[in-house]
Structure formats: structure tokens, C-alpha cells
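Source file: my_file_4.pdb. Holds: PDB, C-alpha atoms and all ligand atoms.
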ATOM      1  CA  MET A   9      96.963  21.753 -30.021
ATOM      2  CA  ALA A  10      98.708  23.781 -32.694
ATOM      3  CA  ASP A  11     101.270  21.858 -34.739
ATOM      4  CA  GLU A  12     104.894  22.958 -34.753
ATOM      5  CA  ASN A  13     104.632  25.106 -37.909
ATOM      6  CA  THR A  14     101.529  26.871 -36.641
ATOM      7  CA  LYS A  15     103.252  27.537 -33.328
ATOM      8  CA  ILE A  16     106.216  29.108 -35.101
ATOM      9  CA  LYS A  17     103.872  31.233 -37.188
ATOM     10  CA  ILE A  18     101.979  32.349 -34.083
ATOM     11  CA  MET A  19     105.224  33.391 -32.377
ATOM     12  CA  GLU A  20     106.223  35.386 -35.459
ATOM     13  CA  LEU A  21     102.836  37.058 -35.765
ATOM     14  CA  ARG A  22     102.782  38.025 -32.094
ATOM     15  CA  GLU A  23     105.693  40.339 -32.827
ATOM     16  CA  ILE A  24     103.334  42.688 -34.675
ATOM     17  CA  MET A  25     101.486  43.240 -31.395
ATOM     18  CA  LYS A  26     104.643  44.557 -29.738
ATOM     19  CA  ALA A  27     106.289  47.946 -30.025
ATOM     20  CA  PRO A  28     109.470  47.419 -32.077
ATOM     21  CA  THR A  29     112.623  48.239 -30.155
ATOM     22  CA  GLU A  30     114.961  49.248 -32.954
ATOM     23  CA  ASP A  31     115.137  52.815 -34.278
ATOM     24  CA  ILE A  32     113.577  53.503 -37.644
ATOM     25  CA  LEU A  33     114.657  55.557 -40.609
ATOM     26  CA  SER A  34     111.293  56.182 -42.204
ATOM     27  CA  ASP A  35     110.610  57.523 -45.690
ATOM     28  CA  GLN A  36     109.411  60.716 -44.025
ATOM     29  CA  VAL A  37     112.792  61.127 -42.346
ATOM     30  CA  LYS A  38     114.451  60.390 -45.709
ATOM     31  CA  ASP A  39     112.355  63.237 -47.135
ATOM     32  CA  LEU A  40     110.558  61.026 -49.661
ATOM     33  CA  PRO A  41     107.223  62.345 -50.984
ATOM     34  CA  GLN A  42     104.213  61.934 -48.767
ATOM     35  CA  PRO A  43     101.461  59.651 -50.102
ATOM     36  CA  PRO A  44      98.056  61.236 -50.919
ATOM     37  CA  LEU A  45      95.645  61.806 -48.032
ATOM     38  CA  GLU A  46      92.862  59.942 -49.787
ATOM     39  CA  LYS A  47      91.865  58.100 -52.917
ATOM     40  CA  SER A  48      89.479  59.483 -55.472
ATOM     41  CA  PHE A  49      87.845  57.558 -58.285
ATOM     42  CA  LYS A  50      86.080  60.486 -59.906
ATOM     43  CA  GLY A  51      82.964  58.373 -59.540
ATOM     44  CA  LYS A  52      80.098  58.249 -61.979
ATOM     45  CA  LYS A  53      77.837  60.083 -59.624
ATOM     46  CA  ILE A  54      78.648  62.317 -56.644
ATOM     47  CA  ILE A  55      76.272  62.457 -53.697
ATOM     48  CA  PRO A  56      76.717  65.498 -51.445
ATOM     49  CA  LEU A  57      76.324  64.807 -47.728
ATOM     50  CA  THR A  58      75.209  67.044 -44.894
ATOM     51  CA  LYS A  59      77.038  67.928 -41.690
ATOM     52  CA  ASN A  60      73.884  69.055 -39.965
ATOM     53  CA  PHE A  61      73.008  66.172 -37.691
ATOM     54  CA  GLU A  62      70.558  67.861 -35.320
ATOM     55  CA  ASP A  63      67.517  65.956 -36.552
ATOM     56  CA  VAL A  64      69.314  62.639 -36.860
ATOM     57  CA  ILE A  65      70.362  61.972 -33.274
ATOM     58  CA  LYS A  66      67.733  60.099 -31.270
ATOM     59  CA  ASN A  67      69.765  59.482 -28.133
ATOM     60  CA  ASN A  68      72.314  61.923 -26.814
ATOM     61  CA  ASP A  69      72.856  60.292 -23.452
ATOM     62  CA  PHE A  70      76.447  59.086 -23.462
ATOM     63  CA  LEU A  71      76.199  56.554 -20.658
ATOM     64  CA  SER A  72      73.097  54.992 -22.131
ATOM     65  CA  LEU A  73      74.827  54.700 -25.534
ATOM     66  CA  ILE A  74      77.783  52.951 -23.963
ATOM     67  CA  ASN A  75      75.514  50.576 -22.077
ATOM     68  CA  ALA A  76      73.277  49.885 -25.078
ATOM     69  CA  ARG A  77      76.115  49.002 -27.458
ATOM     70  CA  THR A  78      76.078  45.397 -28.511
ATOM     71  CA  SER A  79      76.698  43.735 -31.861
ATOM     72  CA  LYS A  80      73.349  43.783 -33.627
ATOM     73  CA  ARG A  81      72.844  41.414 -36.543
ATOM     74  CA  LYS A  82      69.059  41.678 -37.045
ATOM     75  CA  TYR A  83      67.592  44.760 -38.692
ATOM     76  CA  ASN A  84      64.034  45.833 -39.332
ATOM     77  CA  GLU A  85      62.650  46.606 -42.785
ATOM     78  CA  GLU A  86      63.321  50.345 -42.609
ATOM     79  CA  ALA A  87      65.799  51.945 -44.991
ATOM     80  CA  LEU A  88      68.419  54.365 -43.701
ATOM     81  CA  THR A  89      68.115  57.991 -44.721
ATOM     82  CA  GLN A  90      71.009  59.786 -46.387
ATOM     83  CA  TYR A  91      71.189  62.011 -43.271
ATOM     84  CA  GLU A  92      71.762  58.968 -41.105
ATOM     85  CA  LEU A  93      74.359  57.567 -43.486
ATOM     86  CA  SER A  94      76.073  60.937 -43.600
ATOM     87  CA  PHE A  95      76.277  60.985 -39.815
ATOM     88  CA  LEU A  96      77.815  57.494 -39.718
ATOM     89  CA  LEU A  97      80.415  58.403 -42.345
ATOM     90  CA  TRP A  98      81.232  61.613 -40.514
ATOM     91  CA  SER A  99      81.584  59.955 -37.142
ATOM     92  CA  THR A 100      83.839  57.199 -38.491
ATOM     93  CA  GLN A 101      86.159  59.069 -40.887
ATOM     94  CA  GLY A 102      84.964  62.680 -41.088
ATOM     95  CA  ILE A 103      87.690  65.313 -41.501
ATOM     96  CA  LYS A 104      87.511  68.204 -39.059
ATOM     97  CA  SER A 105      90.593  70.028 -40.339
ATOM     98  CA  ILE A 106      93.544  69.681 -42.684
ATOM     99  CA  VAL A 107      96.861  71.095 -41.523
ATOM    100  CA  GLY A 108     100.235  71.654 -43.204
ATOM    101  CA  LYS A 109     101.280  73.102 -46.541
ATOM    102  CA  GLU A 110     103.535  70.675 -48.387
ATOM    103  CA  ARG A 111     103.096  67.888 -45.898
ATOM    104  CA  LYS A 112      99.481  67.677 -44.947
ATOM    105  CA  ALA A 113      97.660  65.812 -42.212
ATOM    106  CA  THR A 114      93.965  65.371 -41.534
ATOM    107  CA  PHE A 115      92.374  65.586 -38.122
ATOM    108  CA  ARG A 116      89.287  63.444 -38.038
ATOM    109  CA  THR A 117      86.541  62.335 -35.679
ATOM    110  CA  VAL A 118      88.702  59.318 -34.770
ATOM    111  CA  PRO A 119      92.315  59.223 -33.620
ATOM    112  CA  SER A 120      95.103  57.725 -35.733
ATOM    113  CA  ALA A 121      98.806  57.263 -35.005
ATOM    114  CA  GLY A 122     100.646  60.311 -36.332
ATOM    115  CA  ALA A 123      97.333  61.477 -37.883
ATOM    116  CA  ARG A 124      98.099  59.218 -40.865
ATOM    117  CA  HIS A 125      94.539  57.825 -41.272
ATOM    118  CA  PRO A 126      95.456  54.972 -43.624
ATOM    119  CA  PHE A 127      91.858  53.896 -44.399
ATOM    120  CA  GLU A 128      89.344  54.283 -47.175
ATOM    121  CA  THR A 129      85.646  53.638 -46.583
ATOM    122  CA  TYR A 130      83.571  51.698 -49.097
ATOM    123  CA  LEU A 131      79.872  50.937 -48.773
ATOM    124  CA  PHE A 132      77.796  48.083 -50.104
ATOM    125  CA  ILE A 133      74.427  49.785 -50.212
ATOM    126  CA  ASN A 134      71.197  47.817 -50.248
ATOM    127  CA  LYS A 135      68.663  50.077 -48.609
ATOM    128  CA  VAL A 136      69.259  53.797 -48.290
ATOM    129  CA  ILE A 137      66.490  56.155 -49.366
ATOM    130  CA  GLY A 138      67.335  57.765 -52.711
ATOM    131  CA  LEU A 139      70.480  55.704 -53.401
ATOM    132  CA  GLN A 140      70.553  52.865 -55.880
ATOM    133  CA  PRO A 141      72.079  49.628 -54.575
ATOM    134  CA  GLY A 142      75.750  49.108 -55.370
ATOM    135  CA  LEU A 143      79.255  50.047 -54.343
ATOM    136  CA  TYR A 144      80.103  53.512 -53.046
ATOM    137  CA  HIS A 145      83.233  55.266 -51.798
ATOM    138  CA  TYR A 146      83.407  57.997 -49.158
ATOM    139  CA  MET A 147      85.439  61.058 -50.139
ATOM    140  CA  ALA A 148      86.346  62.293 -46.702
ATOM    141  CA  THR A 149      87.970  65.588 -47.741
ATOM    142  CA  GLU A 150      84.765  66.652 -49.529
ATOM    143  CA  HIS A 151      82.353  64.795 -47.232
ATOM    144  CA  GLN A 152      80.729  63.313 -50.321
ATOM    145  CA  LEU A 153      79.901  59.866 -51.567
ATOM    146  CA  GLU A 154      80.848  58.649 -54.999
ATOM    147  CA  TYR A 155      78.906  55.885 -56.686
ATOM    148  CA  LEU A 156      81.313  53.316 -58.119
ATOM    149  CA  GLY A 157      78.756  51.073 -59.806
ATOM    150  CA  SER A 158      76.411  48.184 -59.336
ATOM    151  CA  ILE A 159      77.564  44.706 -58.346
ATOM    152  CA  GLU A 160      76.055  41.794 -60.192
ATOM    153  CA  ASN A 161      74.226  39.520 -57.753
ATOM    154  CA  GLN A 162      75.406  41.785 -54.952
ATOM    155  CA  ALA A 163      74.040  39.775 -52.022
ATOM    156  CA  GLU A 164      75.533  36.496 -53.293
ATOM    157  CA  GLN A 165      78.938  37.944 -54.104
ATOM    158  CA  VAL A 166      79.203  39.893 -50.854
ATOM    159  CA  SER A 167      78.105  36.878 -48.834
ATOM    160  CA  GLU A 168      80.687  34.658 -50.535
ATOM    161  CA  ALA A 169      83.478  37.182 -49.922
ATOM    162  CA  PHE A 170      82.450  37.816 -46.321
ATOM    163  CA  GLY A 171      82.375  34.353 -44.839
ATOM    164  CA  GLY A 172      78.824  33.462 -45.845
ATOM    165  CA  GLN A 173      77.547  36.064 -43.398
ATOM    166  CA  ASN A 174      74.205  36.800 -45.031
ATOM    167  CA  PHE A 175      73.196  39.377 -42.463
ATOM    168  CA  PHE A 176      76.137  41.490 -43.684
ATOM    169  CA  ALA A 177      75.396  40.883 -47.367
ATOM    170  CA  ASN A 178      71.723  41.803 -46.911
ATOM    171  CA  ALA A 179      72.163  44.622 -44.387
ATOM    172  CA  PRO A 180      70.915  48.038 -45.533
ATOM    173  CA  VAL A 181      74.561  49.176 -45.511
ATOM    174  CA  GLY A 182      77.796  47.208 -45.377
ATOM    175  CA  PHE A 183      80.774  49.327 -44.359
ATOM    176  CA  VAL A 184      84.134  48.065 -45.611
ATOM    177  CA  TRP A 185      87.390  49.673 -44.543
ATOM    178  CA  SER A 186      90.457  49.158 -46.678
ATOM    179  CA  VAL A 187      93.941  50.009 -45.512
ATOM    180  CA  ILE A 188      96.638  51.656 -47.616
ATOM    181  CA  PRO A 189      99.556  50.678 -45.353
ATOM    182  CA  TYR A 190     102.107  53.034 -46.918
ATOM    183  CA  ARG A 191     100.268  56.081 -45.580
ATOM    184  CA  THR A 192     101.349  55.034 -42.095
ATOM    185  CA  GLU A 193     104.565  53.282 -43.184
ATOM    186  CA  TRP A 194     105.818  56.507 -44.777
ATOM    187  CA  ARG A 195     106.085  57.901 -41.253
ATOM    188  CA  TYR A 196     106.521  54.810 -39.080
ATOM    189  CA  SER A 197     108.109  52.136 -41.309
ATOM    190  CA  ASN A 198     107.865  48.770 -39.550
ATOM    191  CA  HIS A 199     106.040  50.271 -36.566
ATOM    192  CA  ALA A 200     103.155  51.182 -38.830
ATOM    193  CA  GLN A 201     101.380  47.850 -39.146
ATOM    194  CA  LYS A 202     100.473  47.622 -35.453
ATOM    195  CA  TYR A 203      99.363  51.252 -35.402
ATOM    196  CA  ALA A 204      97.073  50.799 -38.401
ATOM    197  CA  LEU A 205      95.348  47.811 -36.837
ATOM    198  CA  VAL A 206      94.826  49.689 -33.585
ATOM    199  CA  ASP A 207      93.544  52.678 -35.565
ATOM    200  CA  VAL A 208      90.813  50.725 -37.326
ATOM    201  CA  GLY A 209      89.343  49.618 -34.009
ATOM    202  CA  HIS A 210      88.644  53.259 -33.171
ATOM    203  CA  VAL A 211      86.826  53.683 -36.454
ATOM    204  CA  CYS A 212      84.510  50.754 -35.868
ATOM    205  CA  GLU A 213      83.844  51.681 -32.244
ATOM    206  CA  ASN A 214      82.688  55.108 -33.365
ATOM    207  CA  LEU A 215      80.386  53.347 -35.807
ATOM    208  CA  TYR A 216      78.924  51.177 -33.043
ATOM    209  CA  LEU A 217      78.247  54.139 -30.752
ATOM    210  CA  SER A 218      76.963  56.395 -33.511
ATOM    211  CA  CYS A 219      74.568  53.676 -34.620
ATOM    212  CA  GLU A 220      73.198  53.464 -31.094
ATOM    213  CA  ALA A 221      72.602  57.225 -31.165
ATOM    214  CA  ILE A 222      70.404  57.013 -34.285
ATOM    215  CA  GLN A 223      68.489  53.817 -33.528
ATOM    216  CA  CYS A 224      70.594  51.680 -35.803
ATOM    217  CA  GLY A 225      72.582  48.586 -34.975
ATOM    218  CA  ALA A 226      76.066  47.603 -36.118
ATOM    219  CA  CYS A 227      78.091  44.418 -36.129
ATOM    220  CA  ALA A 228      81.834  44.311 -36.803
ATOM    221  CA  ILE A 229      82.989  41.832 -39.427
ATOM    222  CA  GLY A 230      86.481  40.414 -39.163
ATOM    223  CA  ALA A 231      85.740  37.054 -40.778
ATOM    224  CA  TYR A 232      86.038  37.420 -44.537
ATOM    225  CA  ASN A 233      87.871  35.872 -47.468
ATOM    226  CA  GLN A 234      90.764  38.235 -48.201
ATOM    227  CA  PRO A 235      91.289  37.442 -51.917
ATOM    228  CA  LEU A 236      87.555  37.426 -52.693
ATOM    229  CA  ALA A 237      86.851  40.629 -50.774
ATOM    230  CA  ASP A 238      89.789  42.431 -52.401
ATOM    231  CA  LYS A 239      88.685  41.245 -55.829
ATOM    232  CA  LEU A 240      85.126  42.408 -55.257
ATOM    233  CA  LEU A 241      86.415  45.877 -54.444
ATOM    234  CA  GLY A 242      88.779  45.819 -57.418
ATOM    235  CA  PHE A 243      92.044  46.207 -55.481
ATOM    236  CA  ASP A 244      95.409  45.572 -57.063
ATOM    237  CA  THR A 245      96.983  43.154 -54.620
ATOM    238  CA  SER A 246     100.068  42.324 -56.705
ATOM    239  CA  PRO A 247     103.468  43.040 -55.114
ATOM    240  CA  SER A 248     103.997  45.730 -57.763
ATOM    241  CA  ALA A 249     101.225  47.800 -56.120
ATOM    242  CA  ASP A 250     103.862  48.595 -53.451
ATOM    243  CA  LYS A 251     103.126  52.065 -52.063
ATOM    244  CA  GLU A 252      99.625  52.032 -53.564
ATOM    245  CA  ALA A 253      98.793  48.612 -52.115
ATOM    246  CA  GLU A 254      95.311  48.535 -50.640
ATOM    247  CA  PHE A 255      93.334  45.709 -49.137
ATOM    248  CA  VAL A 256      90.278  45.081 -47.002
ATOM    249  CA  VAL A 257      91.059  45.202 -43.286
ATOM    250  CA  TYR A 258      87.668  45.313 -41.515
ATOM    251  CA  ALA A 259      83.962  45.681 -42.162
ATOM    252  CA  ALA A 260      80.668  46.205 -40.375
ATOM    253  CA  ALA A 261      76.985  45.642 -41.066
ATOM    254  CA  VAL A 262      74.533  48.461 -40.316
ATOM    255  CA  GLY A 263      70.759  48.546 -40.235
ATOM    256  CA  LYS A 264      67.796  50.044 -38.423
ATOM    257  CA  VAL A 265      66.655  48.369 -35.232
ATOM    258  CA  ASP A 266      63.436  48.679 -33.232
ATOM    259  CA  GLY A 267      63.468  51.030 -30.256
ATOM    260  CA  ASN A 268      62.841  49.957 -26.668
TER     261      ASN A 268
HETATM  262  C1  LIG A 301      87.673  42.377 -34.590
HETATM  263  C2  LIG A 301      86.260  41.855 -34.537
HETATM  264  C3  LIG A 301      85.807  40.988 -35.503
HETATM  265  C4  LIG A 301      84.497  40.525 -35.484
HETATM  266  N1  LIG A 301      84.041  39.741 -36.497
HETATM  267  C5  LIG A 301      82.756  39.336 -36.505
HETATM  268  C6  LIG A 301      82.247  38.604 -37.613
HETATM  269  O1  LIG A 301      82.925  38.362 -38.603
HETATM  270  N2  LIG A 301      80.955  38.202 -37.542
HETATM  271  C7  LIG A 301      80.133  38.485 -36.485
HETATM  272  O2  LIG A 301      78.960  38.092 -36.501
HETATM  273  N3  LIG A 301      80.596  39.191 -35.415
HETATM  274  C8  LIG A 301      81.876  39.642 -35.413
HETATM  275  N4  LIG A 301      82.345  40.407 -34.376
HETATM  276  C9  LIG A 301      81.454  40.763 -33.266
HETATM  277  C10 LIG A 301      81.814  39.961 -32.028
HETATM  278  O3  LIG A 301      81.349  38.636 -32.195
HETATM  279  C11 LIG A 301      81.171  40.632 -30.801
HETATM  280  O4  LIG A 301      81.757  41.903 -30.600
HETATM  281  C12 LIG A 301      81.367  39.791 -29.542
HETATM  282  O5  LIG A 301      80.635  38.585 -29.601
HETATM  283  C13 LIG A 301      80.938  40.541 -28.283
HETATM  284  O6  LIG A 301      79.578  40.916 -28.368
HETATM  285  P1  LIG A 301      79.111  42.440 -28.307
HETATM  286  O7  LIG A 301      79.772  43.191 -29.423
HETATM  287  O8  LIG A 301      77.617  42.367 -28.473
HETATM  288  O9  LIG A 301      79.521  42.978 -26.978
HETATM  289  C14 LIG A 301      83.643  40.897 -34.408
HETATM  290  C15 LIG A 301      84.107  41.784 -33.433
HETATM  291  C16 LIG A 301      85.377  42.287 -33.519
HETATM  292  C17 LIG A 301      85.819  43.309 -32.482
END
What does the file become when written as C-alpha cells?
Amino acid sequence: MADENTKIKIMELREIMKAPTEDILSDQVKDLPQPPLEKSFKGKKIIPLTKNFEDVIKNNDFLSLINARTSKRKYNEEALTQYELSFLLWSTQGIKSIVGKERKATFRTVPSAGARHPFETYLFINKVIGLQPGLYHYMATEHQLEYLGSIENQAEQVSEAFGGQNFFANAPVGFVWSVIPYRTEWRYSNHAQKYALVDVGHVCENLYLSCEAIQCGACAIGAYNQPLADKLLGFDTSPSADKEAEFVVYAAAVGKVDGN
């Protein structure tokens, strides 16, 4: 039974699951500048990605993909190819078009409230053909990867930050989605937090289904240590980060699985 303080906290937190009733005067309405569509690190090394997925898809049967989807935590020894990784990045955050002149919006392979898309995708890579292990960032507007650097004792550090879940730390690829809340708050103020959390579910579901299509398996990761995960990714979590604040919101392990 939850103690009194926990109960109060639960009641407060439930409010985020509801649609707020009061009107909002968002920064967009106040005509404040729109935040950038994406982050760029100008990484040490840029890896171009393909959008030609014809040879990557192994199963195109939609109903069978839906039925086959489960959380898969055991992977075989095979490395992913860059084509396969490219497909997974495209299907989770790929940009199909950019609209607007001063105020821009991206339309992607996943929906997002108000087309705000408040996420960045980072990868812990262990086993992808032609890519050295380490931390990478997906540049959605260019459909490119940027290499951010190696992580000392990667498996140990990732495991520690992600709840001791070794299958995630040792998976060929660990997807990590960060949220930059202000991208959605700029438009939706205090309605934004619920929207962003709903949005990220779409991203991960596309990952699950896309993995099934290319004989990979995925497992969502919601259990992680927030301060350790944010530190590992180098995020500034101080209150002064304000509109630039960014933190880990969700993750998923990906690897190759044996066929039927
Ligand atoms: C939001 C969320 C967080 C999750 N976190 C974890 C996790 O940290 N570790 C894990 O092994 N599975 C995690 N899962 C996977 C669930 O355990 C799994 O979806 C559930 O047991 C149902 O099984 P299925 O996905 O095979 O249908 C998570 C799933 C979701 C949707």
C-alpha cells in the first residue's frame, strides 16, 4: 500500500495523463522564436545513409508483422548492416518533408502532436558492419549519422545507466531517444508534456515493427537511471538549460534474430 506522500505524488502525476482544461498562451502565440528542428554536433565523422530499402525488407506482410511483434531480448551473433540501421532510423524518425519558411515543421514517418517532433536519436553501437563501436547521433534532416566518440568500457557504463540490463548494453545497437521538451512546449505550453510522451510511443512502435520486417528483434527500455543515462550522453540537465534542456526519455535494444 502506498504511503500518504506517495499517494499524493501519484495523484499529482496522474494530471499529466489528462488533457488540461485551461486555455494556453504559448510562446508560439506570443510570437517568440521557434526552437531549432534538430540538434547537430558537427560530429567527428559523418556516415551517409541510404533511403533505398528494397533489399533490406525480408517480410512485407503487414498482418504477419503485427502478429510476430514481441519484445525480443536475445540476439544472434550477426552484426547489422548499415542498410538495416538506415532503415530503422528512417522508419523511426525519418523526415519526409519540411514545410514552412520562417516557421518550419518536419513531417516524418511517425506522427507527433503539432508536428513538433521533440526527440533526438542516439545510438550505442556495438555491432554494425563498418562502424566502430561508440556513440552516434542521427541527423534526421540529412539522413546521416554522426559519430560522437567512443565510450570507455561501453558495456559496463551503459549497463549501469540502464538498470543493469546487459542485453541492452551488449545489443548490436542500443537506440536512445532524448526529448527536448521546449520544441513541443513552444507550441503547447503545459499541454506539451503529455503529447511528447505519447509521441515517443509511436517512435518505438515503428522500431518494433520495422525490426520484424528485417529479421531483427527489438525490446523497449523504460527502466533506466535518469542521472546516469543523461550523464553518459553528456546532457546539460541544470535548470539553466531551460529551452535547450534535453534528457533521455526512452530506449530500445536491437539485434538480429533467427528466422522461423
Ligand atoms: C514503456 C515501456 C517500457 C519498457 N521497459 C522495459 C525494460 O526496461 N526492460 C525490458 O526488458 N522490457 C521493457 N519493456 C518491454 C515490456 O516488458 C513488454 O512490452 C511487455 O512485457 C509485453 O511483452 P511484448 O512486448 O512481447 O508483447 C517495456 C515496454 C514498454 C512499452
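Of the residues listed (A:Trp194, A:Tyr146, A:Trp185, A:Phe176), A:Phe176 shows the shortest atom-to-atom separation from ligand LIG 301 (chain A); distances use all atoms listed in the file.
Proximity ranking of A:Met25, A:Leu45, A:Val256, A:Val181 relative to A:Ala226 places A:Val181 first, based on all atoms listed in the file.
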What do you get, as a PyMOL selection string, if you spell out every residue that the PyMOL selection byres (((not hetatm)) within 7 of (chain A and resi 301)) selects here?
-> chain A and resi 77-81+227-232
Between atom CA of A:Val208 and atom CA of A:Tyr258 lies a distance of 7.5 Å
Length of the atom CA of A:Lys38 to atom CA of A:Glu193 vector [Å] = 12.4 Å
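With all atoms listed in the file as the atoms that count, the residue of A:Ile18, A:Leu240, A:Val265, A:Cys224 with the shortest distance to A:Tyr130 is A:Leu240.
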Which stretch 28-74 of chain A residues have any atom within 12 Å of an atom of stretch 113-122 of chain A, and for each, what is the nearest pair of atoms with distance in Å to one decimal, counting only C-alpha atoms, rows sorted by chain and number, as a Markdown table?
| residue | atom | partner | partner_atom | distance |
| --- | --- | --- | --- | --- |
| A:Gln36 | CA | A:Gly122 | CA | 11.7 |
| A:Gln42 | CA | A:Ala113 | CA | 10.0 |
| A:Pro43 | CA | A:Ala113 | CA | 10.7 |
| A:Pro44 | CA | A:Ala113 | CA | 9.8 |
| A:Leu45 | CA | A:Ala113 | CA | 7.3 |
| A:Glu46 | CA | A:Thr114 | CA | 9.9 |
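Across the structure, atom CA of A:Glu62 and atom CA of A:Leu97 are spaced 15.4 Å apart.
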Can you list what the PyMOL selection byres (((chain A and resi 238) around 10) and not hetatm) grabs from this structure, as an MDAnalysis selection string?
-> chainID A and resid 169 186 233:237 239:245 254:257
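With all atoms listed in the file as the atoms that count, the minimum distance from A:Asn174 to the choices A:Thr14, A:Ala261, A:Leu205, A:Gly102 is reached by A:Ala261.
Distances from A:Pro41, A:Pro180, A:Gly157, A:Gly108 to A:Gln90 were compared using all atoms listed in the file, and the smallest one belongs to A:Pro180.
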Go through A:Leu93, A:Ile103, A:Val262, A:Met19 and flag the residue nearest A:Phe175, using all atoms listed in the file for the distances.
-> A:Val262
Nearby residues, (99.6, 47.1, -38.8) file frame, 12 Å, all atoms listed in the file, as a PyMOL selection string | chain A and resi 21-28+120-121+126-127+187-193+196-209+257
Got a minute to add N, CA and C atoms to stretch 77-91 of chain A and dump it as a PDB file, keeping the file's coordinate frame?
ATOM      1  N   ARG A  77      75.339  49.554 -26.334  1.00  0.00           N
ATOM      2  CA  ARG A  77      76.115  49.002 -27.458  1.00  0.00           C
ATOM      3  C   ARG A  77      76.295  47.495 -27.336  1.00  0.00           C
ATOM      4  N   THR A  78      75.771  46.816 -28.339  1.00  0.00           N
ATOM      5  CA  THR A  78      76.078  45.397 -28.511  1.00  0.00           C
ATOM      6  C   THR A  78      76.224  45.200 -30.015  1.00  0.00           C
ATOM      7  N   SER A  79      76.672  44.039 -30.427  1.00  0.00           N
ATOM      8  CA  SER A  79      76.698  43.735 -31.861  1.00  0.00           C
ATOM      9  C   SER A  79      75.302  43.320 -32.276  1.00  0.00           C
ATOM     10  N   LYS A  80      74.721  44.056 -33.202  1.00  0.00           N
ATOM     11  CA  LYS A  80      73.349  43.783 -33.627  1.00  0.00           C
ATOM     12  C   LYS A  80      73.361  43.273 -35.069  1.00  0.00           C
ATOM     13  N   ARG A  81      72.789  42.083 -35.229  1.00  0.00           N
ATOM     14  CA  ARG A  81      72.844  41.414 -36.543  1.00  0.00           C
ATOM     15  C   ARG A  81      71.481  41.303 -37.203  1.00  0.00           C
ATOM     16  N   LYS A  82      70.430  41.740 -36.482  1.00  0.00           N
ATOM     17  CA  LYS A  82      69.059  41.678 -37.045  1.00  0.00           C
ATOM     18  C   LYS A  82      68.546  43.094 -37.200  1.00  0.00           C
ATOM     19  N   TYR A  83      68.053  43.404 -38.398  1.00  0.00           N
ATOM     20  CA  TYR A  83      67.592  44.760 -38.692  1.00  0.00           C
ATOM     21  C   TYR A  83      66.139  44.703 -39.117  1.00  0.00           C
ATOM     22  N   ASN A  84      65.418  45.808 -38.865  1.00  0.00           N
ATOM     23  CA  ASN A  84      64.034  45.833 -39.332  1.00  0.00           C
ATOM     24  C   ASN A  84      63.991  46.223 -40.814  1.00  0.00           C
ATOM     25  N   GLU A  85      62.808  46.395 -41.340  1.00  0.00           N
ATOM     26  CA  GLU A  85      62.650  46.606 -42.785  1.00  0.00           C
ATOM     27  C   GLU A  85      62.990  48.027 -43.237  1.00  0.00           C
ATOM     28  N   GLU A  86      63.149  48.930 -42.261  1.00  0.00           N
ATOM     29  CA  GLU A  86      63.321  50.345 -42.609  1.00  0.00           C
ATOM     30  C   GLU A  86      64.642  50.614 -43.334  1.00  0.00           C
ATOM     31  N   ALA A  87      64.566  51.503 -44.313  1.00  0.00           N
ATOM     32  CA  ALA A  87      65.799  51.945 -44.991  1.00  0.00           C
ATOM     33  C   ALA A  87      66.455  53.055 -44.180  1.00  0.00           C
ATOM     34  N   LEU A  88      67.742  53.206 -44.312  1.00  0.00           N
ATOM     35  CA  LEU A  88      68.419  54.365 -43.701  1.00  0.00           C
ATOM     36  C   LEU A  88      68.155  55.594 -44.564  1.00  0.00           C
ATOM     37  N   THR A  89      68.179  56.757 -43.941  1.00  0.00           N
ATOM     38  CA  THR A  89      68.115  57.991 -44.721  1.00  0.00           C
ATOM     39  C   THR A  89      69.545  58.411 -45.066  1.00  0.00           C
ATOM     40  N   GLN A  90      69.668  59.286 -46.044  1.00  0.00           N
ATOM     41  CA  GLN A  90      71.009  59.786 -46.387  1.00  0.00           C
ATOM     42  C   GLN A  90      71.587  60.619 -45.243  1.00  0.00           C
ATOM     43  N   TYR A  91      70.707  61.252 -44.438  1.00  0.00           N
ATOM     44  CA  TYR A  91      71.189  62.011 -43.271  1.00  0.00           C
ATOM     45  C   TYR A  91      71.863  61.073 -42.282  1.00  0.00           C
TER      46      TYR A  91
END
